[in-house]
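Notes follow the structure.
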Amino acid sequence: MSLCVYAIVGRRFNRRLLIRVNGASGARVRSVNAGATSALVAECKGPLSPTVRALRGHDAVVRRIARVAPAVLPVRFGTLVDSDRSLVALLDAWSDDLEKALALVDRHCQMTLRLFALPGTTAPPAQSGPADKADEAPEAAALPGTSYLAGRARAHAVAQSAPELEPLREAFAPIVASERIARHDQGPLVLTAYHLIPRGAVATYRRLLRRHAAALQHRAVVSGPWPPYAFVPELRR
């Protein structure tokens, strides 16, 4: 028997409210405590198959947890650990990153905004031009390691850029606490923006989007509120 991990939360929420929250297997969700954080888990027989039903069940549990926990970091579907002790060791090792992320998402939710190219238009991905690469060539030959890291940094900056969203920046500034961008190279989907906003600001977010959507020059589709899936830090075992 393994432990299926659903979410990481702070130690402040009322655990008694989890009595009716069951995992995908029907097992009751319980907390495993470590320092300033807790993991919410249920016993299960792994590995878990990523079927549509299982994925929706996992998300349903995370949503129930988000209703009772002021700060929640959803855990990827199918994350299994052997025991409470193993999980506590991981939480202790990740404590700094987890505490920072929990502070960021505290009493916040995620809105997902997708921009699609309008019919008859194309949206080539942003990239560096030939002149940039020519300027980099001498440096790459002399300092290949440094050049590689600099290239990765530039690629990350391009991937996180979203000039298409500029018409919304000023309007969204009072409510968007953090933003993650995923750009798409193929098809009509130009980019996906994940916006972290206060839980009580969903109606305001939608109203501002409707008011400024015409200035985007793209078709905007919004969904949410969601638990803050896009704001979970990268953690390595």
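Letters A, B, ... go to the chains of the structure tokens in the order shown; residues in each chain start at 1; ligands are counted from 1 in the same order.
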> Can you tell me, as number ranges by chain, what residues are no more than 6 Å from Ala42 (chain A) when counting only C-alpha atoms, ignoring any on the same chain fewer than 2 positions away?
Replying inline: A: 3-4, 23, 27-29
With N, CA, C and O atoms kept, could you save the residues just selected as a tab-separated table (two decimals), in the first residue's frame?
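The new file out-v4.tsv reads:
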chain	number	residue	atom	x	y	z
A	3	LEU	N	1.09	5.77	-0.49
A	3	LEU	CA	0.36	7.00	-0.21
A	3	LEU	C	0.28	7.84	-1.47
A	3	LEU	O	1.30	8.15	-2.10
A	4	CYS	N	-0.93	8.18	-1.87
A	4	CYS	CA	-1.15	9.09	-2.99
A	4	CYS	C	-1.20	10.50	-2.44
A	4	CYS	O	-2.00	10.79	-1.55
A	23	GLY	N	-10.20	10.27	-1.19
A	23	GLY	CA	-9.37	10.14	-2.38
A	23	GLY	C	-10.06	9.32	-3.45
A	23	GLY	O	-11.18	8.83	-3.28
A	27	ALA	N	-10.51	6.12	-0.04
A	27	ALA	CA	-9.84	6.24	1.25
A	27	ALA	C	-9.91	7.69	1.73
A	27	ALA	O	-9.83	8.63	0.93
A	28	ARG	N	-10.04	7.86	3.01
A	28	ARG	CA	-10.15	9.21	3.58
A	28	ARG	C	-8.81	9.94	3.47
A	28	ARG	O	-7.76	9.39	3.74
A	29	VAL	N	-8.88	11.19	3.07
A	29	VAL	CA	-7.68	12.02	2.99
A	29	VAL	C	-7.26	12.42	4.40
A	29	VAL	O	-8.09	12.79	5.22
>> Applying 7 Å and only C-alpha atoms, which residues near region 204-212 of chain A remain after dropping the ones on its own chain fewer than 3 positions away? List them as a ChimeraX atom specification.
In response: /A:168,171,201,215
Export, as a compact mmCIF listing (two decimals), in the first residue's frame, the selected residues with N, CA and C atoms.
# COMPACT_ATOMS: atom_id res chain seq x y z
N LEU A 168 -3.76 44.51 -21.41
CA LEU A 168 -4.39 44.15 -20.14
C LEU A 168 -3.54 44.50 -18.92
N ALA A 171 -4.73 47.30 -16.48
CA ALA A 171 -6.02 46.98 -15.88
C ALA A 171 -5.92 45.85 -14.87
N ALA A 201 -11.62 37.86 -6.29
CA ALA A 201 -11.51 38.80 -7.41
C ALA A 201 -11.87 38.17 -8.75
N ALA A 215 -9.06 45.07 -27.40
CA ALA A 215 -7.73 45.64 -27.68
C ALA A 215 -6.66 44.57 -27.82
>> My list of candidates is A:Ala71, A:Ala101, A:Ala66, A:Ala117. Which is closest to Pro225 (chain A) when distances are computed with only C-alpha atoms?
In response: A:Ala66
>> Report, in Å to a single decimal, how far apart CA of Val52 (chain A) and CA of Arg76 (chain A) are.
In response: 14.4 Å
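Taking only C-alpha atoms into account, Arg85 (chain A) lies nearest to A:Asn33 out of the set A:Gln186, A:Asn33, A:Ser49, A:Thr192.
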> Hey, what's within 12 Å of Leu73 (chain A) if we count only C-alpha atoms and toss same-chain stuff fewer than 5 positions away? As number ranges by chain, please?
Replying inline: A: 5-10, 37-40, 62-63, 65-66, 97-110, 226-235
Residues of the last selection are to be written out with N, CA, C and O atoms, as a short mmCIF file (atom, residue, chain, number, x, y, z; two decimals), in the first residue's frame.
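Done, and the output landed in out_25.cif:
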data_model
loop_
_atom_site.label_atom_id
_atom_site.label_comp_id
_atom_site.auth_asym_id
_atom_site.auth_seq_id
_atom_site.Cartn_x
_atom_site.Cartn_y
_atom_site.Cartn_z
N VAL A 5 -0.36 11.38 -2.96
CA VAL A 5 -0.27 12.75 -2.45
C VAL A 5 -1.11 13.67 -3.34
O VAL A 5 -0.96 13.67 -4.56
N TYR A 6 -1.99 14.43 -2.71
CA TYR A 6 -2.88 15.32 -3.45
C TYR A 6 -2.45 16.79 -3.40
O TYR A 6 -2.61 17.50 -4.39
N ALA A 7 -1.96 17.23 -2.28
CA ALA A 7 -1.65 18.65 -2.15
C ALA A 7 -0.74 18.88 -0.96
O ALA A 7 -0.68 18.08 -0.03
N ILE A 8 -0.04 20.02 -1.02
CA ILE A 8 0.76 20.52 0.10
C ILE A 8 0.05 21.76 0.62
O ILE A 8 -0.35 22.64 -0.16
N VAL A 9 -0.10 21.84 1.93
CA VAL A 9 -0.77 22.99 2.53
C VAL A 9 0.06 23.48 3.71
O VAL A 9 1.00 22.82 4.15
N GLY A 10 -0.31 24.65 4.22
CA GLY A 10 0.30 25.14 5.44
C GLY A 10 -0.30 24.45 6.64
O GLY A 10 -1.24 23.64 6.53
N THR A 37 4.73 22.76 7.04
CA THR A 37 3.85 22.32 5.96
C THR A 37 3.24 20.97 6.28
O THR A 37 3.70 20.24 7.16
N SER A 38 2.18 20.65 5.55
CA SER A 38 1.54 19.34 5.65
C SER A 38 1.25 18.85 4.24
O SER A 38 0.98 19.65 3.33
N ALA A 39 1.29 17.54 4.06
CA ALA A 39 0.87 16.93 2.81
C ALA A 39 -0.45 16.22 3.06
O ALA A 39 -0.64 15.58 4.09
N LEU A 40 -1.38 16.34 2.13
CA LEU A 40 -2.66 15.67 2.23
C LEU A 40 -2.64 14.45 1.33
O LEU A 40 -2.41 14.56 0.12
N VAL A 62 -8.45 17.76 -5.04
CA VAL A 62 -7.66 18.99 -4.86
C VAL A 62 -8.59 20.18 -4.68
O VAL A 62 -8.35 21.06 -3.84
N ARG A 63 -9.68 20.23 -5.45
CA ARG A 63 -10.62 21.34 -5.33
C ARG A 63 -11.28 21.37 -3.96
O ARG A 63 -11.48 22.44 -3.37
N ILE A 65 -10.00 20.23 -1.22
CA ILE A 65 -8.98 20.69 -0.28
C ILE A 65 -8.83 22.21 -0.34
O ILE A 65 -8.72 22.89 0.68
N ALA A 66 -8.87 22.74 -1.57
CA ALA A 66 -8.70 24.19 -1.74
C ALA A 66 -9.83 24.97 -1.08
O ALA A 66 -9.65 26.14 -0.72
N ASP A 97 11.43 26.12 -0.33
CA ASP A 97 10.67 26.38 -1.56
C ASP A 97 9.17 26.29 -1.32
O ASP A 97 8.40 27.09 -1.85
N LEU A 98 8.75 25.31 -0.52
CA LEU A 98 7.32 25.14 -0.26
C LEU A 98 6.75 26.31 0.53
O LEU A 98 5.66 26.80 0.23
N GLU A 99 7.47 26.78 1.53
CA GLU A 99 6.97 27.90 2.34
C GLU A 99 6.84 29.16 1.51
O GLU A 99 5.87 29.92 1.64
N LYS A 100 7.81 29.42 0.62
CA LYS A 100 7.71 30.60 -0.25
C LYS A 100 6.52 30.48 -1.19
O LYS A 100 5.78 31.45 -1.40
N ALA A 101 6.34 29.29 -1.77
CA ALA A 101 5.23 29.10 -2.70
C ALA A 101 3.88 29.20 -1.99
O ALA A 101 2.92 29.78 -2.52
N LEU A 102 3.79 28.65 -0.79
CA LEU A 102 2.54 28.74 -0.03
C LEU A 102 2.21 30.18 0.34
O LEU A 102 1.04 30.59 0.32
N ALA A 103 3.23 30.96 0.66
CA ALA A 103 3.00 32.38 0.96
C ALA A 103 2.47 33.10 -0.27
O ALA A 103 1.60 33.99 -0.17
N LEU A 104 2.95 32.72 -1.46
CA LEU A 104 2.50 33.36 -2.70
C LEU A 104 1.04 33.04 -2.99
O LEU A 104 0.26 33.92 -3.36
N VAL A 105 0.64 31.77 -2.83
CA VAL A 105 -0.70 31.36 -3.23
C VAL A 105 -1.73 31.52 -2.13
O VAL A 105 -2.92 31.25 -2.35
N ASP A 106 -1.33 31.97 -0.96
CA ASP A 106 -2.24 32.08 0.18
C ASP A 106 -3.48 32.91 -0.19
O ASP A 106 -3.37 34.06 -0.60
N ARG A 107 -4.66 32.28 -0.07
CA ARG A 107 -5.95 32.90 -0.37
C ARG A 107 -6.03 33.41 -1.81
O ARG A 107 -6.73 34.39 -2.11
N HIS A 108 -5.34 32.73 -2.70
CA HIS A 108 -5.37 33.06 -4.12
C HIS A 108 -5.81 31.84 -4.93
O HIS A 108 -5.71 30.70 -4.47
N CYS A 109 -6.28 32.10 -6.14
CA CYS A 109 -6.65 31.04 -7.07
C CYS A 109 -6.05 31.36 -8.44
O CYS A 109 -5.46 32.43 -8.64
N GLN A 110 -6.21 30.43 -9.35
CA GLN A 110 -5.61 30.59 -10.68
C GLN A 110 -6.69 30.79 -11.73
O GLN A 110 -7.69 30.07 -11.77
N TRP A 226 -9.29 28.01 -10.69
CA TRP A 226 -8.68 26.71 -10.45
C TRP A 226 -7.78 26.78 -9.23
O TRP A 226 -7.32 27.87 -8.87
N PRO A 227 -7.49 25.66 -8.63
CA PRO A 227 -6.36 25.64 -7.68
C PRO A 227 -5.10 26.08 -8.44
O PRO A 227 -5.01 25.90 -9.66
N PRO A 228 -4.11 26.63 -7.75
CA PRO A 228 -2.95 27.24 -8.45
C PRO A 228 -1.94 26.22 -8.97
O PRO A 228 -0.79 26.19 -8.56
N TYR A 229 -2.37 25.39 -9.92
CA TYR A 229 -1.50 24.35 -10.48
C TYR A 229 -0.22 24.92 -11.08
O TYR A 229 0.86 24.32 -10.97
N ALA A 230 -0.32 26.06 -11.76
CA ALA A 230 0.83 26.61 -12.48
C ALA A 230 1.85 27.28 -11.56
O ALA A 230 2.92 27.67 -12.03
N PHE A 231 1.56 27.38 -10.27
CA PHE A 231 2.43 28.12 -9.36
C PHE A 231 3.10 27.20 -8.33
O PHE A 231 3.62 27.66 -7.33
N VAL A 232 3.10 25.91 -8.65
CA VAL A 232 3.81 24.94 -7.80
C VAL A 232 5.27 24.94 -8.21
O VAL A 232 5.58 24.81 -9.41
N PRO A 233 6.22 25.10 -7.29
CA PRO A 233 7.64 25.12 -7.66
C PRO A 233 8.10 23.76 -8.16
O PRO A 233 7.52 22.72 -7.83
N GLU A 234 9.14 23.77 -8.98
CA GLU A 234 9.75 22.53 -9.45
C GLU A 234 10.52 21.90 -8.29
O GLU A 234 11.45 22.51 -7.77
N LEU A 235 10.13 20.71 -7.92
CA LEU A 235 10.76 20.01 -6.79
C LEU A 235 11.32 18.70 -7.29
O LEU A 235 10.67 17.95 -8.02
#
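Here CA of Arg114 (chain A) stands at a distance of 16.1 Å from CA of Val202 (chain A).
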>> Taking 5 positions as the minimum chain separation for residues in the same chain, which residues sit within 9 Å of Ser83 (chain A) when counting only C-alpha atoms? Answer as a PyMOL selection string.
In response: chain A and resi 1-3+88
For the residues in that selection, give me all heavy atoms as a PDB file, in the first residue's frame.
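Output saved as again_1.pdb:
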ATOM      1  N   MET A   1       0.844  -1.187   0.000  1.00  0.00           N
ATOM      2  CA  MET A   1       0.000   0.000   0.000  1.00  0.00           C
ATOM      3  C   MET A   1       0.890   1.251   0.000  1.00  0.00           C
ATOM      4  O   MET A   1       1.831   1.352   0.767  1.00  0.00           O
ATOM      5  CB  MET A   1      -0.900   0.026   1.224  1.00  0.00           C
ATOM      6  CG  MET A   1      -1.962   1.112   1.186  1.00  0.00           C
ATOM      7  SD  MET A   1      -3.296   0.788   0.009  1.00  0.00           S
ATOM      8  CE  MET A   1      -4.095  -0.612   0.758  1.00  0.00           C
ATOM      9  N   SER A   2       0.582   2.197  -0.894  1.00  0.00           N
ATOM     10  CA  SER A   2       1.334   3.445  -1.006  1.00  0.00           C
ATOM     11  C   SER A   2       0.467   4.613  -0.566  1.00  0.00           C
ATOM     12  O   SER A   2      -0.739   4.461  -0.316  1.00  0.00           O
ATOM     13  CB  SER A   2       1.800   3.659  -2.446  1.00  0.00           C
ATOM     14  OG  SER A   2       2.623   2.603  -2.890  1.00  0.00           O
ATOM     15  N   LEU A   3       1.092   5.773  -0.494  1.00  0.00           N
ATOM     16  CA  LEU A   3       0.359   7.003  -0.207  1.00  0.00           C
ATOM     17  C   LEU A   3       0.279   7.836  -1.475  1.00  0.00           C
ATOM     18  O   LEU A   3       1.298   8.146  -2.101  1.00  0.00           O
ATOM     19  CB  LEU A   3       1.053   7.806   0.889  1.00  0.00           C
ATOM     20  CG  LEU A   3       1.152   7.180   2.275  1.00  0.00           C
ATOM     21  CD1 LEU A   3       1.902   8.121   3.210  1.00  0.00           C
ATOM     22  CD2 LEU A   3      -0.224   6.853   2.828  1.00  0.00           C
ATOM     23  N   VAL A  88       7.745  12.858   4.937  1.00  0.00           N
ATOM     24  CA  VAL A  88       8.256  13.885   5.843  1.00  0.00           C
ATOM     25  C   VAL A  88       9.673  14.297   5.447  1.00  0.00           C
ATOM     26  O   VAL A  88      10.022  15.488   5.467  1.00  0.00           O
ATOM     27  CB  VAL A  88       8.221  13.392   7.300  1.00  0.00           C
ATOM     28  CG1 VAL A  88       9.010  14.327   8.214  1.00  0.00           C
ATOM     29  CG2 VAL A  88       6.788  13.278   7.784  1.00  0.00           C
TER      30      VAL A  88
END
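The neighbours of Thr51 (chain A) here are the residues that come within 12 Å of it, using only C-alpha atoms and leaving out any residue fewer than 3 positions away in the same chain; they are Ala24, Leu48, Ala54, Leu55, Arg56, Gly57, His58, Phe77 and Gly78 of chain A.
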Write a file of the just-selected residues containing all heavy atoms, as an mmCIF file, in the first residue's frame.
data_model
loop_
_atom_site.group_PDB
_atom_site.id
_atom_site.type_symbol
_atom_site.label_atom_id
_atom_site.label_comp_id
_atom_site.auth_asym_id
_atom_site.auth_seq_id
_atom_site.Cartn_x
_atom_site.Cartn_y
_atom_site.Cartn_z
ATOM 1 N N ALA A 24 -9.370 9.170 -4.603
ATOM 2 C CA ALA A 24 -9.952 8.467 -5.740
ATOM 3 C C ALA A 24 -10.316 7.029 -5.395
ATOM 4 O O ALA A 24 -11.258 6.460 -5.946
ATOM 5 C CB ALA A 24 -8.982 8.506 -6.911
ATOM 6 N N LEU A 48 -0.902 4.470 -10.505
ATOM 7 C CA LEU A 48 -2.202 4.955 -10.936
ATOM 8 C C LEU A 48 -2.213 5.189 -12.443
ATOM 9 O O LEU A 48 -1.276 5.755 -12.996
ATOM 10 C CB LEU A 48 -2.539 6.263 -10.210
ATOM 11 C CG LEU A 48 -2.564 6.188 -8.678
ATOM 12 C CD1 LEU A 48 -2.839 7.569 -8.099
ATOM 13 C CD2 LEU A 48 -3.611 5.188 -8.204
ATOM 14 N N ALA A 54 -9.782 9.088 -13.647
ATOM 15 C CA ALA A 54 -8.841 9.230 -12.539
ATOM 16 C C ALA A 54 -8.336 10.663 -12.420
ATOM 17 O O ALA A 54 -8.199 11.199 -11.313
ATOM 18 C CB ALA A 54 -7.674 8.268 -12.732
ATOM 19 N N LEU A 55 -8.043 11.301 -13.556
ATOM 20 C CA LEU A 55 -7.564 12.685 -13.528
ATOM 21 C C LEU A 55 -8.618 13.628 -12.971
ATOM 22 O O LEU A 55 -8.311 14.519 -12.174
ATOM 23 C CB LEU A 55 -7.152 13.119 -14.933
ATOM 24 C CG LEU A 55 -5.909 12.424 -15.514
ATOM 25 C CD1 LEU A 55 -5.779 12.723 -16.993
ATOM 26 C CD2 LEU A 55 -4.660 12.865 -14.779
ATOM 27 N N ARG A 56 -9.850 13.416 -13.379
ATOM 28 C CA ARG A 56 -10.927 14.263 -12.860
ATOM 29 C C ARG A 56 -11.148 14.009 -11.371
ATOM 30 O O ARG A 56 -11.427 14.939 -10.608
ATOM 31 C CB ARG A 56 -12.210 14.001 -13.644
ATOM 32 C CG ARG A 56 -12.189 14.579 -15.056
ATOM 33 C CD ARG A 56 -13.452 14.248 -15.815
ATOM 34 N NE ARG A 56 -13.462 14.896 -17.125
ATOM 35 C CZ ARG A 56 -14.372 14.650 -18.066
ATOM 36 N NH1 ARG A 56 -15.344 13.770 -17.827
ATOM 37 N NH2 ARG A 56 -14.310 15.278 -19.232
ATOM 38 N N GLY A 57 -11.012 12.756 -10.960
ATOM 39 C CA GLY A 57 -11.161 12.458 -9.544
ATOM 40 C C GLY A 57 -10.086 13.119 -8.707
ATOM 41 O O GLY A 57 -10.357 13.644 -7.626
ATOM 42 N N HIS A 58 -8.843 13.082 -9.220
ATOM 43 C CA HIS A 58 -7.737 13.735 -8.515
ATOM 44 C C HIS A 58 -8.004 15.233 -8.382
ATOM 45 O O HIS A 58 -7.847 15.807 -7.303
ATOM 46 C CB HIS A 58 -6.438 13.478 -9.281
ATOM 47 C CG HIS A 58 -5.230 14.050 -8.627
ATOM 48 N ND1 HIS A 58 -4.442 13.355 -7.747
ATOM 49 C CD2 HIS A 58 -4.661 15.286 -8.727
ATOM 50 C CE1 HIS A 58 -3.447 14.112 -7.336
ATOM 51 N NE2 HIS A 58 -3.561 15.294 -7.914
ATOM 52 N N PHE A 77 -0.738 14.519 -10.526
ATOM 53 C CA PHE A 77 -1.433 13.231 -10.485
ATOM 54 C C PHE A 77 -0.441 12.065 -10.506
ATOM 55 O O PHE A 77 0.541 12.079 -11.241
ATOM 56 C CB PHE A 77 -2.378 13.101 -11.684
ATOM 57 C CG PHE A 77 -2.977 11.730 -11.832
ATOM 58 C CD1 PHE A 77 -4.103 11.384 -11.098
ATOM 59 C CD2 PHE A 77 -2.409 10.792 -12.680
ATOM 60 C CE1 PHE A 77 -4.660 10.121 -11.220
ATOM 61 C CE2 PHE A 77 -2.958 9.530 -12.806
ATOM 62 C CZ PHE A 77 -4.083 9.181 -12.085
ATOM 63 N N GLY A 78 -0.730 11.061 -9.694
ATOM 64 C CA GLY A 78 0.090 9.855 -9.686
ATOM 65 C C GLY A 78 1.329 9.931 -8.822
ATOM 66 O O GLY A 78 2.169 9.032 -8.877
#
